[in-house]
$ cat model_2.txt   # compact mmCIF, C-alpha atoms and all ligand atoms
# COMPACT_ATOMS: atom_id res chain seq x y z
CA MET A 20 13.07 -14.01 13.56
CA GLU A 21 10.03 -12.10 14.74
CA THR A 22 6.63 -12.73 13.20
CA VAL A 23 5.47 -9.66 11.31
CA LEU A 24 2.35 -11.25 9.83
CA GLY A 25 0.49 -14.04 11.61
CA VAL A 26 -2.63 -15.59 10.12
CA SER A 27 -4.25 -18.45 11.99
CA GLY A 28 -7.34 -20.53 11.37
CA VAL A 29 -8.78 -18.03 8.94
CA TYR A 30 -12.08 -18.80 7.26
CA HIS A 31 -13.68 -16.42 4.78
CA ALA A 32 -16.82 -16.80 2.69
CA TYR A 33 -18.45 -14.59 0.05
CA GLY A 34 -22.20 -14.99 0.30
CA GLY A 35 -22.36 -18.58 1.52
CA THR A 36 -19.39 -19.77 -0.53
CA PRO A 37 -16.12 -20.29 1.33
CA ALA A 38 -13.04 -18.82 -0.35
CA LEU A 39 -10.66 -19.65 2.54
CA ASP A 40 -11.12 -22.51 4.94
CA GLY A 41 -8.76 -22.81 7.90
CA VAL A 42 -5.63 -21.09 6.60
CA ASP A 43 -2.48 -20.54 8.70
CA LEU A 44 0.39 -18.43 7.43
CA GLN A 45 3.34 -16.63 9.01
CA VAL A 46 5.82 -14.14 7.63
CA GLY A 47 8.87 -13.24 9.71
CA THR A 48 11.11 -10.16 9.58
CA GLY A 49 13.33 -10.31 6.51
CA GLU A 50 11.51 -13.33 5.21
CA CYS A 51 10.07 -13.55 1.70
CA VAL A 52 7.06 -15.85 1.38
CA ALA A 53 5.58 -16.55 -2.05
CA LEU A 54 1.89 -17.40 -2.07
CA LEU A 55 1.22 -19.55 -5.12
CA GLY A 56 -1.84 -21.26 -6.52
CA PRO A 57 -4.24 -21.33 -9.47
CA ASN A 58 -6.84 -18.66 -10.29
CA GLY A 59 -9.55 -18.57 -7.66
CA ALA A 60 -7.41 -20.35 -5.03
CA GLY A 61 -8.06 -17.56 -2.50
CA LYS A 62 -4.75 -15.66 -2.69
CA THR A 63 -6.25 -12.18 -3.07
CA THR A 64 -8.81 -12.93 -0.35
CA LEU A 65 -5.98 -13.85 2.02
CA VAL A 66 -3.98 -10.78 1.02
CA ASN A 67 -6.99 -8.51 1.55
CA LEU A 68 -7.47 -9.94 5.04
CA ALA A 69 -3.77 -9.39 5.80
CA ILE A 70 -3.92 -5.74 4.77
CA GLY A 71 -7.15 -5.04 6.62
CA LEU A 72 -9.27 -4.51 3.52
CA LEU A 73 -11.58 -7.39 4.46
CA ARG A 74 -12.98 -7.97 7.92
CA VAL A 75 -11.96 -11.27 9.52
CA GLN A 76 -14.97 -13.61 9.73
CA ARG A 77 -13.32 -16.45 11.64
CA GLY A 78 -9.74 -16.92 12.86
CA GLN A 79 -7.10 -14.30 13.56
CA VAL A 80 -4.87 -11.92 11.60
CA ARG A 81 -2.08 -10.01 13.38
CA LEU A 82 0.10 -7.46 11.62
CA ALA A 83 3.18 -6.16 13.46
CA GLY A 84 1.43 -7.22 16.66
CA GLY A 85 -1.74 -5.26 15.90
CA ASN A 86 -5.01 -5.48 14.03
CA PRO A 87 -4.63 -4.65 10.32
CA ARG A 88 -8.02 -2.92 10.42
CA ASP A 89 -6.40 -0.18 12.58
CA ALA A 90 -4.90 2.69 10.60
CA GLY A 91 -1.99 2.89 13.06
CA THR A 92 -1.08 -0.75 12.43
CA ARG A 93 -1.33 -0.31 8.67
CA ARG A 94 1.52 2.24 8.84
CA HIS A 95 3.85 -0.75 9.08
CA LEU A 96 2.59 -1.98 5.75
CA GLY A 97 3.39 -1.44 2.07
CA VAL A 98 0.82 -2.79 -0.35
CA VAL A 99 0.40 -3.56 -4.02
CA GLN A 100 -3.16 -4.59 -4.78
CA GLN A 101 -4.21 -6.72 -7.72
CA ALA A 102 -6.87 -4.28 -8.89
CA LEU A 103 -6.45 -0.63 -7.99
CA GLY A 104 -7.23 2.68 -9.57
CA PHE A 105 -5.45 5.96 -8.83
CA PRO A 106 -7.01 9.37 -8.30
CA ALA A 107 -6.94 10.44 -11.94
CA THR A 108 -5.91 14.04 -11.39
CA LEU A 109 -2.91 13.43 -9.14
CA LYS A 110 0.60 13.29 -10.49
CA VAL A 111 3.06 10.44 -10.01
CA GLY A 112 5.43 12.43 -7.79
CA GLU A 113 2.57 13.74 -5.63
CA LEU A 114 1.17 10.26 -5.11
CA VAL A 115 4.51 8.83 -3.98
CA ALA A 116 5.24 11.82 -1.73
CA GLY A 117 1.73 11.54 -0.27
CA ALA A 118 2.26 7.87 0.45
CA ALA A 119 5.54 8.71 2.19
CA VAL A 120 3.88 11.28 4.46
CA ARG A 121 1.00 8.95 5.31
CA GLY A 122 3.60 6.37 6.35
CA GLY A 123 5.34 8.88 8.63
CA ARG A 124 8.25 9.63 6.26
CA PRO A 125 9.36 12.94 4.76
CA ARG A 126 8.15 13.97 1.29
CA SER A 127 11.78 13.92 0.20
CA ALA A 128 11.77 10.12 0.53
CA ALA A 129 9.91 10.02 -2.79
CA GLY A 130 12.86 11.04 -4.99
CA PRO A 131 15.13 8.02 -4.48
CA VAL A 132 12.24 5.56 -4.77
CA LEU A 133 11.00 7.16 -8.00
CA ALA A 134 14.55 6.76 -9.32
CA GLU A 135 14.76 3.14 -8.17
CA LEU A 136 11.64 2.33 -10.18
CA GLY A 137 12.56 4.37 -13.24
CA LEU A 138 9.76 6.86 -12.66
CA THR A 139 11.76 10.06 -12.25
CA GLU A 140 10.93 11.32 -15.72
CA LEU A 141 7.26 10.56 -15.20
CA ALA A 142 6.99 12.34 -11.82
CA GLY A 143 5.01 15.22 -13.34
CA ARG A 144 2.60 13.04 -15.31
CA ARG A 145 -0.99 12.41 -14.18
CA ALA A 146 -1.43 8.86 -12.90
CA ALA A 147 -4.39 8.25 -15.19
CA LYS A 148 -2.14 8.76 -18.22
CA LEU A 149 0.35 6.04 -17.36
CA SER A 150 0.64 2.74 -19.22
CA GLY A 151 -0.29 -0.46 -17.40
CA GLY A 152 3.29 -1.34 -16.48
CA GLN A 153 4.01 2.24 -15.39
CA LYS A 154 0.96 2.19 -13.10
CA GLN A 155 2.23 -1.03 -11.60
CA ARG A 156 5.62 0.61 -10.94
CA LEU A 157 3.85 3.56 -9.33
CA GLN A 158 2.04 1.18 -6.96
CA LEU A 159 5.38 -0.38 -6.08
CA ALA A 160 6.93 3.03 -5.44
CA MET A 161 4.05 3.92 -3.12
CA ALA A 162 4.49 0.61 -1.27
CA LEU A 163 8.27 0.92 -0.88
CA VAL A 164 8.52 4.61 0.03
CA THR A 165 7.30 4.15 3.60
CA GLU A 166 10.08 1.64 4.45
CA PRO A 167 7.45 -0.74 5.80
CA ASP A 168 8.03 -3.74 8.10
CA LEU A 169 5.91 -5.84 5.77
CA LEU A 170 5.31 -5.68 2.04
CA VAL A 171 2.18 -7.39 0.79
CA LEU A 172 2.23 -7.61 -2.98
CA ASP A 173 -0.60 -9.16 -5.01
CA GLU A 174 0.58 -9.91 -8.55
CA PRO A 175 3.12 -7.06 -8.44
CA THR A 176 4.78 -8.13 -11.68
CA ALA A 177 1.58 -8.01 -13.77
CA GLY A 178 2.25 -5.96 -16.87
CA LEU A 179 5.94 -5.41 -16.15
CA ASP A 180 8.39 -5.96 -19.00
CA VAL A 181 11.37 -8.29 -18.58
CA ALA A 182 13.80 -5.59 -17.43
CA ALA A 183 11.31 -4.08 -14.96
CA ARG A 184 10.59 -7.53 -13.55
CA ARG A 185 14.27 -8.25 -13.01
CA ARG A 186 14.63 -4.86 -11.30
CA PHE A 187 11.58 -5.59 -9.16
CA TRP A 188 12.95 -8.89 -7.84
CA GLN A 189 16.28 -7.15 -7.08
CA LEU A 190 14.49 -4.41 -5.13
CA LEU A 191 12.60 -7.04 -3.19
CA GLU A 192 15.81 -8.86 -2.33
CA GLN A 193 17.38 -5.59 -1.04
CA ARG A 194 14.38 -4.77 1.14
CA ARG A 195 14.34 -8.29 2.47
CA GLU A 196 18.03 -8.04 3.43
CA ARG A 197 17.20 -4.89 5.37
CA GLY A 198 14.63 -6.83 7.40
CA THR A 199 11.39 -6.17 5.55
CA GLY A 200 9.04 -9.16 5.53
CA VAL A 201 7.48 -9.90 2.15
CA LEU A 202 4.31 -11.74 1.17
CA VAL A 203 4.03 -11.92 -2.60
CA THR A 204 1.53 -13.65 -4.88
CA THR A 205 2.58 -14.34 -8.42
CA HIS A 206 1.98 -16.65 -11.34
CA LEU A 207 5.66 -16.25 -12.32
CA ILE A 208 6.60 -19.25 -10.26
CA GLU A 209 10.19 -19.79 -11.36
CA GLU A 210 11.02 -16.10 -10.84
CA SER A 211 9.61 -16.12 -7.33
CA ALA A 212 11.58 -19.29 -6.52
CA ALA A 213 14.83 -17.36 -6.87
CA VAL A 214 13.86 -14.89 -4.12
CA ALA A 215 11.41 -16.69 -1.85
CA ASP A 216 12.64 -18.28 1.38
CA ARG A 217 9.39 -20.15 1.63
CA VAL A 218 6.57 -21.05 -0.71
CA VAL A 219 2.97 -21.60 0.36
CA VAL A 220 0.73 -23.38 -2.15
CA LEU A 221 -2.91 -22.48 -1.79
CA ASP A 222 -5.71 -24.28 -3.63
CA LYS A 223 -9.47 -24.10 -3.14
CA GLY A 224 -9.05 -22.06 0.02
CA SER A 225 -6.62 -24.38 1.81
CA VAL A 226 -2.85 -24.61 2.14
CA LEU A 227 -1.79 -27.70 0.18
CA ALA A 228 1.90 -27.55 0.97
CA GLU A 229 4.60 -25.22 2.19
CA GLY A 230 8.36 -25.24 2.38
CA SER A 231 11.43 -23.88 0.67
CA PRO A 232 11.32 -23.98 -3.14
CA GLN A 233 13.83 -26.86 -2.99
CA GLU A 234 11.68 -28.82 -0.55
CA LEU A 235 8.62 -28.49 -2.76
CA VAL A 236 10.52 -29.55 -5.86
CA ALA A 237 11.85 -32.55 -3.93
CA LEU A 238 8.25 -33.70 -3.33
CA LEU A 239 8.13 -34.37 -7.03
CA PRO A 240 10.25 -37.32 -8.02
CA ASP A 241 9.37 -36.99 -11.69
CA ARG A 242 11.77 -36.45 -14.52
CA THR A 243 10.75 -35.53 -18.02
CA VAL A 244 12.21 -37.40 -20.98
CA VAL A 245 11.95 -35.33 -24.15
CA ALA A 246 12.61 -36.87 -27.55
CA ARG A 247 11.71 -37.12 -31.21
CA THR A 248 10.28 -40.56 -31.90
CA LEU A 249 8.11 -42.42 -34.37
CA LEU A 250 6.37 -44.34 -31.57
CA ASP A 251 2.83 -43.13 -31.01
CA LEU A 252 1.52 -41.87 -27.65
CA ASP A 253 -0.45 -45.04 -26.86
CA ARG A 254 2.62 -47.17 -27.38
CA LEU A 255 4.71 -44.77 -25.27
CA ARG A 256 2.18 -44.77 -22.42
CA ALA A 257 2.47 -48.55 -22.28
CA LEU A 258 6.25 -48.45 -21.73
CA PRO A 259 7.47 -49.33 -18.22
CA GLY A 260 7.66 -46.37 -15.84
CA VAL A 261 5.80 -43.85 -18.00
CA VAL A 262 3.52 -41.77 -15.73
CA ALA A 263 2.26 -39.48 -18.48
CA ALA A 264 2.97 -38.92 -22.17
CA ARG A 265 2.29 -35.66 -23.94
CA GLY A 266 3.19 -34.20 -27.26
CA GLY A 267 2.23 -34.04 -30.85
CA GLY A 268 3.87 -34.75 -34.17
CA GLU A 269 7.11 -36.50 -33.43
CA HIS A 270 8.08 -34.57 -30.30
CA VAL A 271 7.01 -36.19 -27.05
CA ARG A 272 7.40 -35.47 -23.33
CA LEU A 273 7.30 -38.46 -21.02
CA SER A 274 7.02 -38.13 -17.24
CA THR A 275 8.72 -40.86 -15.27
CA ARG A 276 10.23 -41.64 -11.90
CA THR A 277 12.75 -44.06 -13.44
CA PRO A 278 14.36 -42.24 -16.36
CA GLU A 279 17.32 -44.65 -16.72
CA ASP A 280 15.08 -47.72 -17.14
CA LEU A 281 12.80 -45.87 -19.53
CA LEU A 282 15.70 -44.69 -21.68
CA ARG A 283 16.99 -48.26 -22.12
CA VAL A 284 13.59 -49.47 -23.33
CA LEU A 285 12.98 -46.40 -25.45
CA LEU A 286 16.28 -46.73 -27.31
CA ALA A 287 15.64 -50.42 -27.93
CA GLU A 288 12.10 -49.82 -29.21
CA ASP A 289 12.99 -46.94 -31.49
CA PRO A 290 16.48 -47.06 -33.00
CA ALA A 291 15.71 -43.76 -34.80
CA LEU A 292 15.12 -41.88 -31.54
CA ALA A 293 16.59 -38.36 -31.74
CA ASP A 294 16.93 -35.04 -29.89
CA LEU A 295 16.93 -36.85 -26.56
CA ARG A 296 16.91 -34.79 -23.36
CA VAL A 297 16.13 -35.53 -19.71
CA GLU A 298 14.82 -32.59 -17.72
CA GLY A 299 14.37 -32.20 -13.99
CA ALA A 300 11.22 -30.81 -12.48
CA GLY A 301 11.16 -27.16 -11.43
CA LEU A 302 8.98 -25.31 -8.93
CA GLU A 303 6.46 -24.62 -11.66
CA GLU A 304 5.97 -28.35 -12.30
CA ALA A 305 5.83 -28.98 -8.55
CA VAL A 306 3.05 -26.42 -8.02
CA ASP A 307 1.21 -27.69 -11.08
CA ALA A 308 1.41 -31.28 -9.85
CA LEU A 309 0.44 -30.29 -6.30
CA THR A 310 -2.71 -28.58 -7.50
CA THR A 311 -3.71 -31.12 -10.17
CA ARG A 312 -2.82 -34.43 -8.48
CA PRO A 313 -2.18 -33.66 -4.78
CA GLN A 314 -2.94 -37.20 -3.55
CA GLU A 315 -0.14 -38.56 -5.69
CA VAL A 316 2.44 -35.91 -4.76
CA LEU A 317 1.64 -35.72 -1.04
CA ARG A 318 1.66 -39.45 -0.36
N1 LIG A 401 -15.94 -9.97 -3.96
C1 LIG A 401 -16.22 -11.25 -4.17
N2 LIG A 401 -17.50 -11.69 -4.17
C2 LIG A 401 -17.79 -12.98 -4.39
N3 LIG A 401 -16.86 -13.94 -4.61
C3 LIG A 401 -15.58 -13.56 -4.64
C4 LIG A 401 -15.19 -12.20 -4.43
N4 LIG A 401 -13.84 -12.14 -4.51
C5 LIG A 401 -13.42 -13.39 -4.76
N5 LIG A 401 -14.44 -14.26 -4.84
C6 LIG A 401 -14.35 -15.71 -5.08
O1 LIG A 401 -13.50 -16.27 -4.08
C7 LIG A 401 -12.61 -17.23 -4.64
C8 LIG A 401 -11.17 -16.82 -4.38
O2 LIG A 401 -10.90 -15.64 -5.12
P1 LIG A 401 -9.52 -14.86 -5.02
O3 LIG A 401 -9.68 -13.57 -5.74
O4 LIG A 401 -9.11 -14.81 -3.59
O5 LIG A 401 -8.55 -15.87 -5.83
P2 LIG A 401 -7.02 -15.67 -6.30
O6 LIG A 401 -6.29 -16.87 -5.78
O7 LIG A 401 -6.54 -14.34 -5.95
O8 LIG A 401 -7.13 -15.83 -7.89
P3 LIG A 401 -6.28 -15.09 -9.08
O9 LIG A 401 -5.05 -15.93 -9.30
O10 LIG A 401 -7.21 -15.21 -10.25
O11 LIG A 401 -6.02 -13.69 -8.69
C9 LIG A 401 -12.97 -17.33 -6.11
O12 LIG A 401 -13.82 -18.42 -6.29
C10 LIG A 401 -13.69 -16.03 -6.40
O13 LIG A 401 -14.65 -16.19 -7.42
MG MG A 402 -5.87 -12.75 -7.00
$ encode --input "model_2.txt" --output "structure tokens"
Amino acid sequence: METVLGVSGVYHAYGGTPALDGVDLQVGTGECVALLGPNGAGKTTLVNLAIGLLRVQRGQVRLAGGNPRDAGTRRHLGVVQQALGFPATLKVGELVAGAAVRGGRPRSAAGPVLAELGLTELAGRRAAKLSGGQKQRLQLAMALVTEPDLLVLDEPTAGLDVAARRRFWQLLEQRRERGTGVLVTTHLIEESAAVADRVVVLDKGSVLAEGSPQELVALLPDRTVVARTLLDLDRLRALPGVVAARGGGEHVRLSTRTPEDLLRVLLAEDPALADLRVEGAGLEEAVDALTTRPQEVLR
């Protein structure tokens, strides 16, 4: 696998405040990397460095072997930005055809991509008159139409309805199979887990952890015991093996590393216990735990 995006030792500050501090990240051909982390973690800053929108202050960014600040290098790139306006007077079809030409493809490449994203009927509409989700699909069409080596997508699913999101992840999977590298940021963690080969968790400007979705979930030994009980939260927190207890009314969620032991005690303490369920942790819980109690998870 060739490296299509290589970021090493990148530091970036706004004013005097660092937003990224020593970040390394690689995306290979045909690889899908999900960049996850809470608001303000530095994801968009990293993305904007990768696509040449921000100038590198310290460290190195290489895109398809070149500098992403060079227009020639950026031809290898398809981008969806988190905040972007369109020229209000241009029509959907013109914008996608224009993007194709700028990426060295024929105008006729626009048709199939418009169809893929369900935009064919909107091709004659001015971009300014699209709904939020339609604008997002237009951005995706403009990113995909150039058949880029690397797709960099910052919150590409924002505003998309359920069907459009499902379609989007399918499109991504197809492009990836054809060898396109993908770097995608999203807050839809479980959805990204189904497509991503690798997940990078960013927090406060640093990479906290990276690995396959399965590897990150495996960092988290917790199970969640869900039940209806008359025992109050203080009493539950005092039970052996309870890491955290949440809930209100009668429904409680107990985090534990030893669910079998906890269940034995719980059933003995509350003979009326009902609606019992034991849930595994998913990627969403893993990312949440990594960013809220990293010392505990990364022991
Ligand atoms: N143009 C800017 N000027 C000053 N500070 C900025 C600027 N852009 C971002 N920041 C700050 O840098 C930090 C990282 O922001 P960034 O937009 O990269 O986060 P993010 O991970 O993309 O968050 P979100 O999930 O909300 O999109 C934040 O503290 C933010 O306030
Ligand atoms: Mg962002």
$ closest_atom_pairs --input "model_2.txt" --of "chain A" --to "ligand MG 402 (chain A)" --cutoff "9 Å" --atoms "all atoms listed in the file" --output "JSON lines"
{"residue": "A:Asn58", "atom": "CA", "partner": "A:MG402", "partner_atom": "MG", "distance": 6.8}
{"residue": "A:Gly59", "atom": "CA", "partner": "A:MG402", "partner_atom": "MG", "distance": 6.9}
{"residue": "A:Ala60", "atom": "CA", "partner": "A:MG402", "partner_atom": "MG", "distance": 8.0}
{"residue": "A:Gly61", "atom": "CA", "partner": "A:MG402", "partner_atom": "MG", "distance": 6.9}
{"residue": "A:Lys62", "atom": "CA", "partner": "A:MG402", "partner_atom": "MG", "distance": 5.3}
{"residue": "A:Thr63", "atom": "CA", "partner": "A:MG402", "partner_atom": "MG", "distance": 4.0}
{"residue": "A:Thr64", "atom": "CA", "partner": "A:MG402", "partner_atom": "MG", "distance": 7.3}
{"residue": "A:Val66", "atom": "CA", "partner": "A:MG402", "partner_atom": "MG", "distance": 8.5}
{"residue": "A:Gln100", "atom": "CA", "partner": "A:MG402", "partner_atom": "MG", "distance": 8.9}
{"residue": "A:Gln101", "atom": "CA", "partner": "A:MG402", "partner_atom": "MG", "distance": 6.3}
{"residue": "A:Ala102", "atom": "CA", "partner": "A:MG402", "partner_atom": "MG", "distance": 8.7}
{"residue": "A:Asp173", "atom": "CA", "partner": "A:MG402", "partner_atom": "MG", "distance": 6.7}
{"residue": "A:Glu174", "atom": "CA", "partner": "A:MG402", "partner_atom": "MG", "distance": 7.2}
{"residue": "A:Thr204", "atom": "CA", "partner": "A:MG402", "partner_atom": "MG", "distance": 7.8}
{"residue": "A:Thr205", "atom": "CA", "partner": "A:MG402", "partner_atom": "MG", "distance": 8.7}
$ residues_near_point --input "model_2.txt" --point "(11.3, -41.8, -7.0)" --cutoff "8 Å" --atoms "only C-alpha atoms" --output "number ranges by chain"
A: 240-241, 276-277
$ closest_residue --input "model_2.txt" --among "A:Arg254, A:Arg144, A:Arg126, A:His206" --to "A:Leu54" --atoms "all atoms listed in the file"
A:His206
$ residues_around --input "model_2.txt" --residues "A:Asn86" --least-positions-apart "4" --cutoff "12 Å" --atoms "only C-alpha atoms" --output "ChimeraX atom specification"
/A:23-26,68-75,79-82,90-96
$ residues_around --input "model_2.txt" --residues "stretch 303-316 of chain A" --least-positions-apart "6" --cutoff "12 Å" --atoms "only C-alpha atoms" --output "PyMOL selection string"
chain A and resi 53-58+60+205-212+218-243+262-263+274
$ closest_residue --input "model_2.txt" --among "A:Pro125, A:Pro259, A:Pro175, A:Gly268" --to "ligand LIG 401 (chain A)" --atoms "only C-alpha atoms and all ligand atoms"
A:Pro175
$ atom_distance --input "model_2.txt" --atom1 "atom N1 of ligand LIG 401 (chain A)" --atom2 "atom CA of A:Tyr33"
6.6 Å
$ closest_residue --input "model_2.txt" --among "A:Thr165, A:Gln76, A:Thr48, A:Asn67" --to "ligand LIG 401 (chain A)" --atoms "all atoms listed in the file"
A:Asn67
$ atom_distance --input "model_2.txt" --atom1 "atom CA of A:Leu202" --atom2 "atom CA of A:Val46"
7.1 Å
$ closest_residue --input "model_2.txt" --among "A:Gly34, A:Gly178, A:Gly28, A:Gly47" --to "ligand LIG 401 (chain A)" --atoms "all atoms listed in the file"
A:Gly34
$ decode --input "model_2.txt" --residues "stretch 220-244 of chain A" --atoms "N, CA and C atoms" --output "CSV table (one decimal), in the first residue's frame"
chain,number,residue,atom,x,y,z
A,220,VAL,N,-8.1,8.6,16.9
A,220,VAL,CA,-8.8,9.4,17.9
A,220,VAL,C,-8.0,10.6,18.3
A,221,LEU,N,-8.5,11.8,18.0
A,221,LEU,CA,-7.8,13.0,18.2
A,221,LEU,C,-8.5,13.7,19.4
A,222,ASP,N,-7.7,14.3,20.3
A,222,ASP,CA,-8.3,15.1,21.4
A,222,ASP,C,-7.3,16.1,21.8
A,223,LYS,N,-7.7,17.3,22.0
A,223,LYS,CA,-6.9,18.4,22.4
A,223,LYS,C,-5.6,18.5,21.6
A,224,GLY,N,-5.7,18.3,20.3
A,224,GLY,CA,-4.6,18.5,19.4
A,224,GLY,C,-3.6,17.3,19.3
A,225,SER,N,-3.9,16.2,20.0
A,225,SER,CA,-2.9,15.1,19.9
A,225,SER,C,-3.7,13.8,19.6
A,226,VAL,N,-3.0,12.9,19.0
A,226,VAL,CA,-3.6,11.5,18.7
A,226,VAL,C,-3.5,10.7,20.0
A,227,LEU,N,-4.7,10.4,20.5
A,227,LEU,CA,-4.8,9.6,21.7
A,227,LEU,C,-4.6,8.1,21.5
A,228,ALA,N,-5.2,7.6,20.4
A,228,ALA,CA,-5.1,6.2,20.0
A,228,ALA,C,-5.4,6.0,18.6
A,229,GLU,N,-4.9,4.9,18.0
A,229,GLU,CA,-5.3,4.6,16.7
A,229,GLU,C,-5.2,3.1,16.5
A,230,GLY,N,-6.1,2.6,15.6
A,230,GLY,CA,-6.1,1.2,15.3
A,230,GLY,C,-7.4,0.8,14.5
A,231,SER,N,-7.6,-0.5,14.3
A,231,SER,CA,-8.9,-0.8,13.7
A,231,SER,C,-10.0,-0.6,14.7
A,232,PRO,N,-11.2,-0.4,14.2
A,232,PRO,CA,-12.3,-0.3,15.1
A,232,PRO,C,-12.4,-1.4,16.2
A,233,GLN,N,-12.1,-2.6,15.8
A,233,GLN,CA,-12.1,-3.7,16.7
A,233,GLN,C,-11.0,-3.6,17.8
A,234,GLU,N,-9.8,-3.1,17.3
A,234,GLU,CA,-8.7,-2.9,18.3
A,234,GLU,C,-9.1,-1.9,19.3
A,235,LEU,N,-9.7,-0.8,18.9
A,235,LEU,CA,-10.1,0.3,19.9
A,235,LEU,C,-11.1,-0.2,20.8
A,236,VAL,N,-12.1,-0.9,20.3
A,236,VAL,CA,-13.2,-1.4,21.2
A,236,VAL,C,-12.5,-2.4,22.2
A,237,ALA,N,-11.5,-3.2,21.8
A,237,ALA,CA,-10.9,-4.1,22.7
A,237,ALA,C,-10.1,-3.5,23.8
A,238,LEU,N,-9.8,-2.2,23.6
A,238,LEU,CA,-9.1,-1.4,24.7
A,238,LEU,C,-10.0,-1.3,25.9
A,239,LEU,N,-11.3,-1.4,25.6
A,239,LEU,CA,-12.3,-1.1,26.6
A,239,LEU,C,-12.9,-2.4,27.2
A,240,PRO,N,-12.5,-2.8,28.3
A,240,PRO,CA,-13.0,-4.1,28.8
A,240,PRO,C,-14.4,-4.0,29.4
A,241,ASP,N,-15.0,-2.8,29.4
A,241,ASP,CA,-16.3,-2.7,30.1
A,241,ASP,C,-17.4,-3.4,29.4
A,242,ARG,N,-18.3,-3.8,30.3
A,242,ARG,CA,-19.7,-4.2,29.8
A,242,ARG,C,-20.7,-3.4,30.5
A,243,THR,N,-21.8,-3.2,29.9
A,243,THR,CA,-22.9,-2.5,30.6
A,243,THR,C,-24.0,-3.4,31.0
A,244,VAL,N,-24.4,-3.4,32.3
A,244,VAL,CA,-25.5,-4.1,32.8
A,244,VAL,C,-26.7,-3.2,32.9
